[in-house]
Amino acid sequence: MRKALAALTLTALAAPAAGAPLLILPVDCELGKTCYIQQFMDHDFSEKHHDFQCGPRSYNTHKGTDFAAPTARAAQAGIDVVASAAGKVLGVRDGMPDVWNGKIDTDAIKGRDCGNGLVIDHGDGWHTQYCHLQQGSVSVQSGEQIEAGTLLGQIGMSGRTEFAHLHLSVRKDGDPIDPFAPNGANCGAPITETLWAEPPLIQAGGILDIGFAQAVPVFNDVRMGIANQRLTRISPALVSYFYFFGGETGDVIEIAFKGPGDIRMADAHVLNRNRAQFFRAIGKKRRSVPWPGGTYVATARHIRDGEVIDQREASFEIPR
């Protein structure tokens with residue numbers, strides 16, 4: 001259960017120039033609940049990087065926006081990708097396997113980093129590209145005229161990707177354009193023009209998942225969504241893990257895990273560097289007696305500059 005959510009908002013609704021497409025959200029999900037934006041386009045032309053707000057939510061030479069599923073398992077359940085604007089499909093690729101275990105075979109994807117995807121021509125030199133779609137999900141053909149909202153496929157993990165997401169690229173005459181700031185980043189000042197018909201929710205960071213296991217899991221299993229385990233009265237340990245995104249230097253991460261009787265665990269940690277994705281875990285080993293039956297609850301808070309930008313809890317039952 002999510003208790004609170006801090007977000008940033010854009011005020012502009014108009015495209016910056018005649019002929020530019022107004023874009024709708026390219027994923028059929030609810031930002032902040034069933035999907036989120038992991039990274040934005042890089043606006044720094046040096047070897048460093050920064051997003052359109054001059055924050056750390058990008059990486060060097062990143063030329064698009066990453067709309068992500070909370071975990072790979074969530075993507076496997078099906079999150080539709082739709083056309084952001086009307087146009088003509090220029091090219092399509094399907095048939096590349098999804099790397100659901102997060103382990104990329106660089107030789108197998110050489111020259112095909114986008115994975116399964118397609119390009120749409122919107123006229124006047126404007127194009128959008130959709131990458132990393134699920135194998136077998138692409139539902140349009142080259143040469144097809146489509147409308148905004150047309151189903152294109154589903155979020156997957158094909159090509160060069162370590163997490164399940166749609167990479168959306170916008171280009172004008174071949175040059176990358178950030179739909180959040182088509183005229184370039186303007187650090188410290190409000191963005192006055194965007195390509196979005198309705199500005200998407202931009203989370204400041206937050207909590208993607210909370211789960212439970214018998215031992216501290218490896219990060220890749222957390223990210224893939226396969227770390228959660230059933231806990232019983234004789235489990236060797238009770239561990240709760242917490243999966244975060246968008247961490248910035250100085251953020252405070254508070255986690256707690258409690259159960260019946262005197263089972264109480266808590267920890268707080270200050271991030272010493274920016275972290276695109278990370279996880280924390282807390283737990284307790286069982287001694288000779290079984291765990292008591294009842295409700296066990298894990299809670300997490302992500303705090304920045306004294307403000308809670310996200311908090312969430314999860315629970316499970318051990319039969320009495």
# chains A, B, ... in the order shown; residues from 1 in each chain; ligands from 1
call {"tool": "residues_around", "arguments": {"residues": "segment 110-119 of chain A", "least_positions_apart": "5", "cutoff": "8 Å", "atoms": "only C-alpha atoms", "output": "PyMOL selection string"}}
result
chain A and resi 89-96+127-135+138+157-160
call {"tool": "residues_around", "arguments": {"residues": "segment 139-147 of chain A", "least_positions_apart": "2", "cutoff": "8 Å", "atoms": "only C-alpha atoms", "output": "PyMOL selection string"}}
result
chain A and resi 83+85-92+137+149-153
call {"tool": "write_last_selection", "arguments": {"atoms": "C-alpha atoms", "output": "PDB file, in the first residue's frame"}}
result
ATOM      1  CA  ALA A  83       1.508   5.205 -30.524  1.00  0.00           C
ATOM      2  CA  ALA A  85       0.865  10.354 -32.197  1.00  0.00           C
ATOM      3  CA  ALA A  86      -0.667   9.531 -35.559  1.00  0.00           C
ATOM      4  CA  GLY A  87       1.622   8.689 -38.446  1.00  0.00           C
ATOM      5  CA  LYS A  88       3.018   6.068 -40.800  1.00  0.00           C
ATOM      6  CA  VAL A  89       5.001   3.069 -39.576  1.00  0.00           C
ATOM      7  CA  LEU A  90       8.393   3.181 -41.292  1.00  0.00           C
ATOM      8  CA  GLY A  91      10.084   0.056 -39.994  1.00  0.00           C
ATOM      9  CA  VAL A  92       9.394  -2.823 -37.611  1.00  0.00           C
ATOM     10  CA  SER A 137       4.090  -8.499 -29.245  1.00  0.00           C
ATOM     11  CA  GLY A 149      -3.262   5.364 -29.119  1.00  0.00           C
ATOM     12  CA  THR A 150      -2.929   2.488 -31.605  1.00  0.00           C
ATOM     13  CA  LEU A 151      -1.580  -0.633 -29.892  1.00  0.00           C
ATOM     14  CA  LEU A 152       2.047  -1.194 -30.942  1.00  0.00           C
ATOM     15  CA  GLY A 153       3.157  -3.995 -28.609  1.00  0.00           C
TER      16      GLY A 153
END
call {"tool": "select_by_dssp", "arguments": {"residues": "segment 163-211 of chain A", "states": "strand (DSSP E)", "output": "JSON list (two decimals) with all heavy atoms, in the first residue's frame"}}
result
[["chain", "number", "residue", "atom", "x", "y", "z"],
["A", 165, "HIS", "N", 11.48, -1.95, -19.79],
["A", 165, "HIS", "CA", 11.00, -0.60, -20.06],
["A", 165, "HIS", "C", 10.78, -0.39, -21.55],
["A", 165, "HIS", "O", 11.25, -1.16, -22.40],
["A", 165, "HIS", "CB", 11.97, 0.45, -19.53],
["A", 165, "HIS", "CG", 13.25, 0.57, -20.30],
["A", 165, "HIS", "ND1", 14.26, -0.35, -20.24],
["A", 165, "HIS", "CD2", 13.68, 1.53, -21.17],
["A", 165, "HIS", "CE1", 15.27, 0.03, -21.00],
["A", 165, "HIS", "NE2", 14.94, 1.16, -21.60],
["A", 166, "LEU", "N", 10.07, 0.69, -21.85],
["A", 166, "LEU", "CA", 9.98, 1.23, -23.21],
["A", 166, "LEU", "C", 10.92, 2.42, -23.30],
["A", 166, "LEU", "O", 10.82, 3.36, -22.50],
["A", 166, "LEU", "CB", 8.56, 1.68, -23.52],
["A", 166, "LEU", "CG", 8.44, 2.59, -24.76],
["A", 166, "LEU", "CD1", 8.66, 1.78, -26.04],
["A", 166, "LEU", "CD2", 7.12, 3.33, -24.79],
["A", 167, "HIS", "N", 11.81, 2.39, -24.26],
["A", 167, "HIS", "CA", 12.64, 3.56, -24.56],
["A", 167, "HIS", "C", 11.98, 4.29, -25.72],
["A", 167, "HIS", "O", 11.87, 3.77, -26.83],
["A", 167, "HIS", "CB", 14.06, 3.12, -24.95],
["A", 167, "HIS", "CG", 14.94, 4.23, -25.42],
["A", 167, "HIS", "ND1", 15.76, 4.94, -24.59],
["A", 167, "HIS", "CD2", 15.10, 4.77, -26.66],
["A", 167, "HIS", "CE1", 16.42, 5.86, -25.28],
["A", 167, "HIS", "NE2", 16.03, 5.77, -26.55],
["A", 168, "LEU", "N", 11.50, 5.51, -25.45],
["A", 168, "LEU", "CA", 10.87, 6.35, -26.48],
["A", 168, "LEU", "C", 11.85, 7.43, -26.92],
["A", 168, "LEU", "O", 12.32, 8.23, -26.10],
["A", 168, "LEU", "CB", 9.60, 7.01, -25.93],
["A", 168, "LEU", "CG", 8.93, 8.01, -26.88],
["A", 168, "LEU", "CD1", 8.26, 7.28, -28.05],
["A", 168, "LEU", "CD2", 7.92, 8.88, -26.15],
["A", 169, "SER", "N", 12.15, 7.46, -28.21],
["A", 169, "SER", "CA", 12.98, 8.52, -28.79],
["A", 169, "SER", "C", 12.13, 9.39, -29.69],
["A", 169, "SER", "O", 11.28, 8.89, -30.44],
["A", 169, "SER", "CB", 14.13, 7.92, -29.61],
["A", 169, "SER", "OG", 15.02, 7.19, -28.81],
["A", 170, "VAL", "N", 12.35, 10.69, -29.62],
["A", 170, "VAL", "CA", 11.69, 11.65, -30.50],
["A", 170, "VAL", "C", 12.79, 12.35, -31.30],
["A", 170, "VAL", "O", 13.80, 12.78, -30.73],
["A", 170, "VAL", "CB", 10.88, 12.69, -29.70],
["A", 170, "VAL", "CG1", 10.19, 13.67, -30.65],
["A", 170, "VAL", "CG2", 9.85, 12.00, -28.81],
["A", 171, "ARG", "N", 12.60, 12.44, -32.62],
["A", 171, "ARG", "CA", 13.61, 13.07, -33.46],
["A", 171, "ARG", "C", 12.97, 14.05, -34.44],
["A", 171, "ARG", "O", 11.86, 13.82, -34.92],
["A", 171, "ARG", "CB", 14.41, 12.02, -34.23],
["A", 171, "ARG", "CG", 15.24, 11.11, -33.35],
["A", 171, "ARG", "CD", 16.19, 10.23, -34.16],
["A", 171, "ARG", "NE", 15.48, 9.19, -34.87],
["A", 171, "ARG", "CZ", 15.25, 7.97, -34.38],
["A", 171, "ARG", "NH1", 15.66, 7.66, -33.16],
["A", 171, "ARG", "NH2", 14.62, 7.07, -35.11],
["A", 172, "LYS", "N", 13.71, 15.13, -34.73],
["A", 172, "LYS", "CA", 13.32, 16.09, -35.75],
["A", 172, "LYS", "C", 14.47, 16.20, -36.75],
["A", 172, "LYS", "O", 15.59, 16.58, -36.38],
["A", 172, "LYS", "CB", 13.05, 17.46, -35.10],
["A", 172, "LYS", "CG", 12.94, 18.64, -36.08],
["A", 172, "LYS", "CD", 11.79, 18.49, -37.06],
["A", 172, "LYS", "CE", 11.64, 19.80, -37.87],
["A", 172, "LYS", "NZ", 10.75, 19.62, -39.04],
["A", 175, "ASP", "N", 17.65, 14.64, -35.53],
["A", 175, "ASP", "CA", 18.25, 15.10, -34.28],
["A", 175, "ASP", "C", 17.35, 14.73, -33.09],
["A", 175, "ASP", "O", 16.12, 14.92, -33.17],
["A", 175, "ASP", "CB", 18.45, 16.61, -34.30],
["A", 175, "ASP", "CG", 19.47, 17.05, -35.34],
["A", 175, "ASP", "OD1", 20.44, 16.29, -35.56],
["A", 175, "ASP", "OD2", 19.28, 18.12, -35.94],
["A", 176, "PRO", "N", 17.92, 14.23, -32.00],
["A", 176, "PRO", "CA", 17.11, 13.88, -30.83],
["A", 176, "PRO", "C", 16.49, 15.10, -30.19],
["A", 176, "PRO", "O", 17.15, 16.13, -30.02],
["A", 176, "PRO", "CB", 18.10, 13.19, -29.90],
["A", 176, "PRO", "CG", 19.44, 13.69, -30.31],
["A", 176, "PRO", "CD", 19.36, 13.93, -31.78],
["A", 177, "ILE", "N", 15.22, 14.99, -29.81],
["A", 177, "ILE", "CA", 14.47, 16.06, -29.16],
["A", 177, "ILE", "C", 13.88, 15.51, -27.87],
["A", 177, "ILE", "O", 13.30, 14.43, -27.86],
["A", 177, "ILE", "CB", 13.33, 16.58, -30.07],
["A", 177, "ILE", "CG1", 13.88, 17.09, -31.40],
["A", 177, "ILE", "CG2", 12.52, 17.65, -29.35],
["A", 177, "ILE", "CD1", 14.72, 18.35, -31.29],
["A", 202, "ILE", "N", 5.81, 13.22, -13.10],
["A", 202, "ILE", "CA", 7.25, 13.00, -12.94],
["A", 202, "ILE", "C", 7.51, 12.80, -11.45],
["A", 202, "ILE", "O", 7.47, 13.75, -10.67],
["A", 202, "ILE", "CB", 8.06, 14.20, -13.46],
["A", 202, "ILE", "CG1", 7.72, 14.48, -14.93],
["A", 202, "ILE", "CG2", 9.55, 13.92, -13.31],
["A", 202, "ILE", "CD1", 8.33, 15.76, -15.45],
["A", 203, "GLN", "N", 7.78, 11.58, -11.07],
["A", 203, "GLN", "CA", 8.10, 11.31, -9.67],
["A", 203, "GLN", "C", 9.52, 11.77, -9.35],
["A", 203, "GLN", "O", 10.43, 11.64, -10.15],
["A", 203, "GLN", "CB", 7.99, 9.81, -9.39],
["A", 203, "GLN", "CG", 6.57, 9.26, -9.50],
["A", 203, "GLN", "CD", 6.59, 7.75, -9.53],
["A", 203, "GLN", "OE1", 6.53, 7.15, -10.58],
["A", 203, "GLN", "NE2", 6.70, 7.13, -8.35],
["A", 206, "GLY", "N", 11.46, 7.18, -5.61],
["A", 206, "GLY", "CA", 10.49, 6.45, -4.83],
["A", 206, "GLY", "C", 10.76, 4.97, -4.70],
["A", 206, "GLY", "O", 11.86, 4.49, -4.96],
["A", 207, "ILE", "N", 9.72, 4.24, -4.33],
["A", 207, "ILE", "CA", 9.78, 2.83, -3.97],
["A", 207, "ILE", "C", 9.04, 2.03, -5.03],
["A", 207, "ILE", "O", 7.86, 2.28, -5.30],
["A", 207, "ILE", "CB", 9.16, 2.60, -2.58],
["A", 207, "ILE", "CG1", 9.83, 3.51, -1.55],
["A", 207, "ILE", "CG2", 9.26, 1.14, -2.17],
["A", 207, "ILE", "CD1", 8.96, 3.82, -0.35],
["A", 208, "LEU", "N", 9.73, 1.07, -5.61],
["A", 208, "LEU", "CA", 9.15, 0.26, -6.67],
["A", 208, "LEU", "C", 8.52, -1.03, -6.14],
["A", 208, "LEU", "O", 7.53, -1.51, -6.68],
["A", 208, "LEU", "CB", 10.21, -0.10, -7.71],
["A", 208, "LEU", "CG", 10.81, 1.08, -8.47],
["A", 208, "LEU", "CD1", 11.95, 0.60, -9.36],
["A", 208, "LEU", "CD2", 9.75, 1.79, -9.28],
["A", 209, "ASP", "N", 9.12, -1.61, -5.10],
["A", 209, "ASP", "CA", 8.62, -2.89, -4.63],
["A", 209, "ASP", "C", 9.09, -3.14, -3.20],
["A", 209, "ASP", "O", 10.15, -2.66, -2.79],
["A", 209, "ASP", "CB", 9.13, -4.01, -5.54],
["A", 209, "ASP", "CG", 8.40, -5.33, -5.35],
["A", 209, "ASP", "OD1", 7.25, -5.30, -4.85],
["A", 209, "ASP", "OD2", 8.96, -6.38, -5.70],
["A", 210, "ILE", "N", 8.29, -3.86, -2.45],
["A", 210, "ILE", "CA", 8.67, -4.39, -1.14],
["A", 210, "ILE", "C", 8.33, -5.87, -1.15],
["A", 210, "ILE", "O", 7.24, -6.27, -1.56],
["A", 210, "ILE", "CB", 7.92, -3.70, 0.01],
["A", 210, "ILE", "CG1", 8.26, -2.21, 0.07],
["A", 210, "ILE", "CG2", 8.25, -4.36, 1.34],
["A", 210, "ILE", "CD1", 7.50, -1.45, 1.15],
["A", 211, "GLY", "N", 9.27, -6.69, -0.72],
["A", 211, "GLY", "CA", 9.03, -8.13, -0.70],
["A", 211, "GLY", "C", 9.64, -8.78, 0.51],
["A", 211, "GLY", "O", 10.29, -8.13, 1.35]]
call {"tool": "residues_around", "arguments": {"residues": "segment 285-294 of chain A", "least_positions_apart": "6", "cutoff": "8 Å", "atoms": "only C-alpha atoms", "output": "PDB file with N, CA and C atoms, in the first residue's frame"}}
result
ATOM      1  N   THR A 232       7.268 -19.036   6.531  1.00  0.00           N
ATOM      2  CA  THR A 232       6.492 -19.864   7.446  1.00  0.00           C
ATOM      3  C   THR A 232       7.074 -19.756   8.857  1.00  0.00           C
ATOM      4  N   ARG A 233       6.485 -20.475   9.786  1.00  0.00           N
ATOM      5  CA  ARG A 233       6.944 -20.424  11.179  1.00  0.00           C
ATOM      6  C   ARG A 233       8.348 -21.009  11.341  1.00  0.00           C
ATOM      7  N   ILE A 234       8.782 -21.837  10.398  1.00  0.00           N
ATOM      8  CA  ILE A 234      10.110 -22.453  10.540  1.00  0.00           C
ATOM      9  C   ILE A 234      11.109 -21.913   9.506  1.00  0.00           C
ATOM     10  N   SER A 235      10.791 -20.811   8.866  1.00  0.00           N
ATOM     11  CA  SER A 235      11.763 -20.203   7.956  1.00  0.00           C
ATOM     12  C   SER A 235      13.039 -19.867   8.722  1.00  0.00           C
ATOM     13  N   PRO A 236      14.217 -20.102   8.142  1.00  0.00           N
ATOM     14  CA  PRO A 236      15.468 -19.837   8.856  1.00  0.00           C
ATOM     15  C   PRO A 236      15.678 -18.372   9.199  1.00  0.00           C
ATOM     16  N   ALA A 237      15.050 -17.499   8.458  1.00  0.00           N
ATOM     17  CA  ALA A 237      15.136 -16.055   8.736  1.00  0.00           C
ATOM     18  C   ALA A 237      13.940 -15.362   8.122  1.00  0.00           C
ATOM     19  N   LEU A 238      13.638 -14.189   8.634  1.00  0.00           N
ATOM     20  CA  LEU A 238      12.621 -13.321   8.056  1.00  0.00           C
ATOM     21  C   LEU A 238      13.328 -12.073   7.543  1.00  0.00           C
ATOM     22  N   GLY A 259       6.713  -7.540  13.546  1.00  0.00           N
ATOM     23  CA  GLY A 259       5.794  -8.651  13.601  1.00  0.00           C
ATOM     24  C   GLY A 259       5.206  -8.784  14.993  1.00  0.00           C
ATOM     25  N   PRO A 260       4.545  -9.890  15.268  1.00  0.00           N
ATOM     26  CA  PRO A 260       3.932 -10.083  16.586  1.00  0.00           C
ATOM     27  C   PRO A 260       4.977 -10.066  17.703  1.00  0.00           C
ATOM     28  N   GLY A 261       4.524  -9.717  18.906  1.00  0.00           N
ATOM     29  CA  GLY A 261       5.409  -9.719  20.062  1.00  0.00           C
ATOM     30  C   GLY A 261       6.490  -8.660  19.947  1.00  0.00           C
ATOM     31  N   GLU A 317       1.008 -12.791   6.231  1.00  0.00           N
ATOM     32  CA  GLU A 317       0.507 -13.495   7.412  1.00  0.00           C
ATOM     33  C   GLU A 317       1.230 -14.822   7.592  1.00  0.00           C
ATOM     34  N   ILE A 318       1.582 -15.132   8.835  1.00  0.00           N
ATOM     35  CA  ILE A 318       1.980 -16.479   9.199  1.00  0.00           C
ATOM     36  C   ILE A 318       0.842 -17.064  10.030  1.00  0.00           C
ATOM     37  N   PRO A 319       0.265 -18.186   9.604  1.00  0.00           N
ATOM     38  CA  PRO A 319      -0.891 -18.736  10.344  1.00  0.00           C
ATOM     39  C   PRO A 319      -0.514 -19.020  11.811  1.00  0.00           C
ATOM     40  N   ARG A 320      -1.441 -18.745  12.683  1.00  0.00           N
ATOM     41  CA  ARG A 320      -1.235 -18.985  14.118  1.00  0.00           C
ATOM     42  C   ARG A 320      -1.329 -20.479  14.434  1.00  0.00           C
TER      43      ARG A 320
END
call {"tool": "closest_atom_pairs", "arguments": {"of": "segment 42-136 of chain A", "to": "segment 198-201 of chain A", "cutoff": "12 Å", "atoms": "only C-alpha atoms", "output": "JSON lines"}}
result
{"residue": "A:Thr65", "atom": "CA", "partner": "A:Pro200", "partner_atom": "CA", "distance": 11.8}
{"residue": "A:Phe67", "atom": "CA", "partner": "A:Pro200", "partner_atom": "CA", "distance": 10.9}
{"residue": "A:Ser84", "atom": "CA", "partner": "A:Glu198", "partner_atom": "CA", "distance": 11.5}
call {"tool": "residues_around", "arguments": {"residues": "Phe278 of chain A", "least_positions_apart": "4", "cutoff": "9 Å", "atoms": "only C-alpha atoms", "output": "ChimeraX atom specification"}}
result
/A:219,223,242-247
call {"tool": "write_last_selection", "arguments": {"atoms": "N, CA and C atoms", "output": "JSON list (two decimals), in the first residue's frame"}}
result
[["chain", "number", "residue", "atom", "x", "y", "z"],
["A", 219, "PHE", "N", 20.53, -8.48, -5.98],
["A", 219, "PHE", "CA", 19.83, -7.34, -6.57],
["A", 219, "PHE", "C", 19.14, -7.71, -7.87],
["A", 223, "ARG", "N", 15.26, -6.88, -8.92],
["A", 223, "ARG", "CA", 14.91, -6.10, -10.11],
["A", 223, "ARG", "C", 14.02, -6.88, -11.08],
["A", 242, "PHE", "N", 13.57, -3.91, -0.02],
["A", 242, "PHE", "CA", 12.93, -2.68, -0.48],
["A", 242, "PHE", "C", 13.66, -2.20, -1.74],
["A", 243, "TYR", "N", 12.93, -1.99, -2.79],
["A", 243, "TYR", "CA", 13.49, -1.65, -4.11],
["A", 243, "TYR", "C", 13.15, -0.19, -4.42],
["A", 244, "PHE", "N", 14.17, 0.64, -4.65],
["A", 244, "PHE", "CA", 14.00, 2.07, -4.86],
["A", 244, "PHE", "C", 14.52, 2.50, -6.24],
["A", 245, "PHE", "N", 14.10, 3.70, -6.67],
["A", 245, "PHE", "CA", 14.67, 4.32, -7.86],
["A", 245, "PHE", "C", 14.82, 5.82, -7.62],
["A", 246, "GLY", "N", 15.65, 6.44, -8.46],
["A", 246, "GLY", "CA", 15.79, 7.89, -8.42],
["A", 246, "GLY", "C", 16.43, 8.43, -7.16],
["A", 247, "GLY", "N", 17.38, 7.70, -6.58],
["A", 247, "GLY", "CA", 18.04, 8.18, -5.37],
["A", 247, "GLY", "C", 19.06, 9.27, -5.68]]
call {"tool": "atom_distance", "arguments": {"atom1": "atom CA of Pro190 of chain A", "atom2": "atom CA of Arg275 of chain A"}}
result
25.0 Å
call {"tool": "residues_around", "arguments": {"residues": "His302 of chain A", "least_positions_apart": "2", "cutoff": "10 Å", "atoms": "only C-alpha atoms", "output": "ChimeraX atom specification"}}
result
/A:5,204-207,244-247,251-255,300,304,306-312
call {"tool": "write_last_selection", "arguments": {"atoms": "N, CA, C and O atoms", "output": "PDB file, in the first residue's frame"}}
result
ATOM      1  N   LEU A   5       2.942  10.261  -2.300  1.00  0.00           N
ATOM      2  CA  LEU A   5       3.747  10.331  -3.512  1.00  0.00           C
ATOM      3  C   LEU A   5       4.028  11.776  -3.855  1.00  0.00           C
ATOM      4  O   LEU A   5       3.116  12.567  -4.026  1.00  0.00           O
ATOM      5  N   ALA A 204       9.681  12.290  -8.150  1.00  0.00           N
ATOM      6  CA  ALA A 204      11.005  12.734  -7.719  1.00  0.00           C
ATOM      7  C   ALA A 204      11.918  11.563  -7.398  1.00  0.00           C
ATOM      8  O   ALA A 204      13.135  11.716  -7.282  1.00  0.00           O
ATOM      9  N   GLY A 205      11.373  10.370  -7.293  1.00  0.00           N
ATOM     10  CA  GLY A 205      12.063   9.148  -6.896  1.00  0.00           C
ATOM     11  C   GLY A 205      11.052   8.322  -6.142  1.00  0.00           C
ATOM     12  O   GLY A 205       9.889   8.723  -6.024  1.00  0.00           O
ATOM     13  N   GLY A 206      11.460   7.177  -5.611  1.00  0.00           N
ATOM     14  CA  GLY A 206      10.488   6.446  -4.827  1.00  0.00           C
ATOM     15  C   GLY A 206      10.756   4.970  -4.700  1.00  0.00           C
ATOM     16  O   GLY A 206      11.863   4.489  -4.959  1.00  0.00           O
ATOM     17  N   ILE A 207       9.720   4.241  -4.326  1.00  0.00           N
ATOM     18  CA  ILE A 207       9.785   2.833  -3.965  1.00  0.00           C
ATOM     19  C   ILE A 207       9.038   2.027  -5.027  1.00  0.00           C
ATOM     20  O   ILE A 207       7.865   2.277  -5.297  1.00  0.00           O
ATOM     21  N   PHE A 244      14.170   0.636  -4.655  1.00  0.00           N
ATOM     22  CA  PHE A 244      14.004   2.074  -4.860  1.00  0.00           C
ATOM     23  C   PHE A 244      14.523   2.500  -6.235  1.00  0.00           C
ATOM     24  O   PHE A 244      15.326   1.804  -6.853  1.00  0.00           O
ATOM     25  N   PHE A 245      14.099   3.701  -6.668  1.00  0.00           N
ATOM     26  CA  PHE A 245      14.670   4.320  -7.862  1.00  0.00           C
ATOM     27  C   PHE A 245      14.819   5.822  -7.622  1.00  0.00           C
ATOM     28  O   PHE A 245      14.214   6.388  -6.722  1.00  0.00           O
ATOM     29  N   GLY A 246      15.652   6.442  -8.459  1.00  0.00           N
ATOM     30  CA  GLY A 246      15.786   7.893  -8.416  1.00  0.00           C
ATOM     31  C   GLY A 246      16.427   8.428  -7.158  1.00  0.00           C
ATOM     32  O   GLY A 246      16.088   9.528  -6.705  1.00  0.00           O
ATOM     33  N   GLY A 247      17.377   7.699  -6.577  1.00  0.00           N
ATOM     34  CA  GLY A 247      18.043   8.180  -5.373  1.00  0.00           C
ATOM     35  C   GLY A 247      19.059   9.267  -5.678  1.00  0.00           C
ATOM     36  O   GLY A 247      19.770   9.194  -6.683  1.00  0.00           O
ATOM     37  N   ASP A 251      19.841  11.798   0.120  1.00  0.00           N
ATOM     38  CA  ASP A 251      18.519  11.236   0.428  1.00  0.00           C
ATOM     39  C   ASP A 251      18.608  10.324   1.652  1.00  0.00           C
ATOM     40  O   ASP A 251      19.593   9.606   1.844  1.00  0.00           O
ATOM     41  N   VAL A 252      17.556  10.336   2.454  1.00  0.00           N
ATOM     42  CA  VAL A 252      17.473   9.462   3.620  1.00  0.00           C
ATOM     43  C   VAL A 252      16.507   8.323   3.306  1.00  0.00           C
ATOM     44  O   VAL A 252      15.375   8.559   2.863  1.00  0.00           O
ATOM     45  N   ILE A 253      16.969   7.099   3.512  1.00  0.00           N
ATOM     46  CA  ILE A 253      16.158   5.908   3.283  1.00  0.00           C
ATOM     47  C   ILE A 253      15.868   5.268   4.630  1.00  0.00           C
ATOM     48  O   ILE A 253      16.784   4.827   5.338  1.00  0.00           O
ATOM     49  N   GLU A 254      14.600   5.221   5.005  1.00  0.00           N
ATOM     50  CA  GLU A 254      14.191   4.608   6.266  1.00  0.00           C
ATOM     51  C   GLU A 254      13.399   3.337   5.977  1.00  0.00           C
ATOM     52  O   GLU A 254      12.455   3.358   5.182  1.00  0.00           O
ATOM     53  N   ILE A 255      13.793   2.231   6.628  1.00  0.00           N
ATOM     54  CA  ILE A 255      13.086   0.973   6.452  1.00  0.00           C
ATOM     55  C   ILE A 255      12.804   0.357   7.826  1.00  0.00           C
ATOM     56  O   ILE A 255      13.553   0.576   8.779  1.00  0.00           O
ATOM     57  N   ALA A 300       8.637   1.530   4.334  1.00  0.00           N
ATOM     58  CA  ALA A 300       9.795   2.268   3.827  1.00  0.00           C
ATOM     59  C   ALA A 300       9.405   3.707   3.563  1.00  0.00           C
ATOM     60  O   ALA A 300       8.252   4.004   3.187  1.00  0.00           O
ATOM     61  N   ARG A 304      13.772  13.375   0.983  1.00  0.00           N
ATOM     62  CA  ARG A 304      14.721  14.293   0.340  1.00  0.00           C
ATOM     63  C   ARG A 304      14.507  15.699   0.885  1.00  0.00           C
ATOM     64  O   ARG A 304      13.389  16.220   0.858  1.00  0.00           O
ATOM     65  N   GLY A 306      14.277  16.746   3.799  1.00  0.00           N
ATOM     66  CA  GLY A 306      13.290  16.762   4.878  1.00  0.00           C
ATOM     67  C   GLY A 306      11.877  16.438   4.458  1.00  0.00           C
ATOM     68  O   GLY A 306      10.986  16.358   5.311  1.00  0.00           O
ATOM     69  N   GLU A 307      11.642  16.209   3.163  1.00  0.00           N
ATOM     70  CA  GLU A 307      10.296  15.913   2.665  1.00  0.00           C
ATOM     71  C   GLU A 307      10.203  14.444   2.269  1.00  0.00           C
ATOM     72  O   GLU A 307      11.087  13.908   1.583  1.00  0.00           O
ATOM     73  N   VAL A 308       9.129  13.792   2.682  1.00  0.00           N
ATOM     74  CA  VAL A 308       8.889  12.409   2.276  1.00  0.00           C
ATOM     75  C   VAL A 308       8.392  12.414   0.839  1.00  0.00           C
ATOM     76  O   VAL A 308       7.292  12.890   0.553  1.00  0.00           O
ATOM     77  N   ILE A 309       9.222  11.915  -0.086  1.00  0.00           N
ATOM     78  CA  ILE A 309       8.800  11.901  -1.487  1.00  0.00           C
ATOM     79  C   ILE A 309       8.046  10.620  -1.833  1.00  0.00           C
ATOM     80  O   ILE A 309       7.331  10.569  -2.837  1.00  0.00           O
ATOM     81  N   ASP A 310       8.201   9.587  -1.020  1.00  0.00           N
ATOM     82  CA  ASP A 310       7.403   8.378  -1.205  1.00  0.00           C
ATOM     83  C   ASP A 310       7.464   7.536   0.065  1.00  0.00           C
ATOM     84  O   ASP A 310       8.489   7.513   0.754  1.00  0.00           O
ATOM     85  N   GLN A 311       6.381   6.860   0.384  1.00  0.00           N
ATOM     86  CA  GLN A 311       6.383   5.883   1.463  1.00  0.00           C
ATOM     87  C   GLN A 311       5.397   4.779   1.137  1.00  0.00           C
ATOM     88  O   GLN A 311       4.400   5.000   0.448  1.00  0.00           O
ATOM     89  N   ARG A 312       5.722   3.603   1.626  1.00  0.00           N
ATOM     90  CA  ARG A 312       4.943   2.435   1.204  1.00  0.00           C
ATOM     91  C   ARG A 312       5.052   1.347   2.265  1.00  0.00           C
ATOM     92  O   ARG A 312       6.031   1.296   3.018  1.00  0.00           O
TER      93      ARG A 312
END
call {"tool": "atom_distance", "arguments": {"atom1": "atom CA of Pro70 of chain A", "atom2": "atom CA of Lys33 of chain A"}}
result
8.7 Å
call {"tool": "closest_atom_pairs", "arguments": {"of": "segment 190-301 of chain A", "to": "segment 21-30 of chain A", "cutoff": "6 Å", "atoms": "only C-alpha atoms", "output": "tab-separated table"}}
result
residue	atom	partner	partner_atom	distance
A:Leu195	CA	A:Leu22	CA	5.2
A:Trp196	CA	A:Leu23	CA	4.7
A:Ala197	CA	A:Leu22	CA	5.2
call {"tool": "select_by_dssp", "arguments": {"residues": "segment 37-136 of chain A", "states": "helix (DSSP H, G or I)", "output": "list in words"}}
result
Ala72, Arg73, Ala74, Ala75 and Gln76 of chain A
call {"tool": "residues_around", "arguments": {"residues": "segment 37-47 of chain A", "least_positions_apart": "5", "cutoff": "8 Å", "atoms": "only C-alpha atoms", "output": "list in words"}}
result
Leu31, Phe52, Cys54, Arg57, Ser58, Tyr59, Asn60, Thr61, His62, Lys63, Gly64, Thr65, Asp66, Phe67, Ala68, Asp178, Gly184, Ala185, Ile202, Gln203, Phe245, Gly246 and Ala276 of chain A
call {"tool": "closest_residue", "arguments": {"among": "A:Ala181, A:Val82, A:His122, A:Gly32", "to": "Asp51 of chain A", "atoms": "only C-alpha atoms"}}
result
A:Ala181
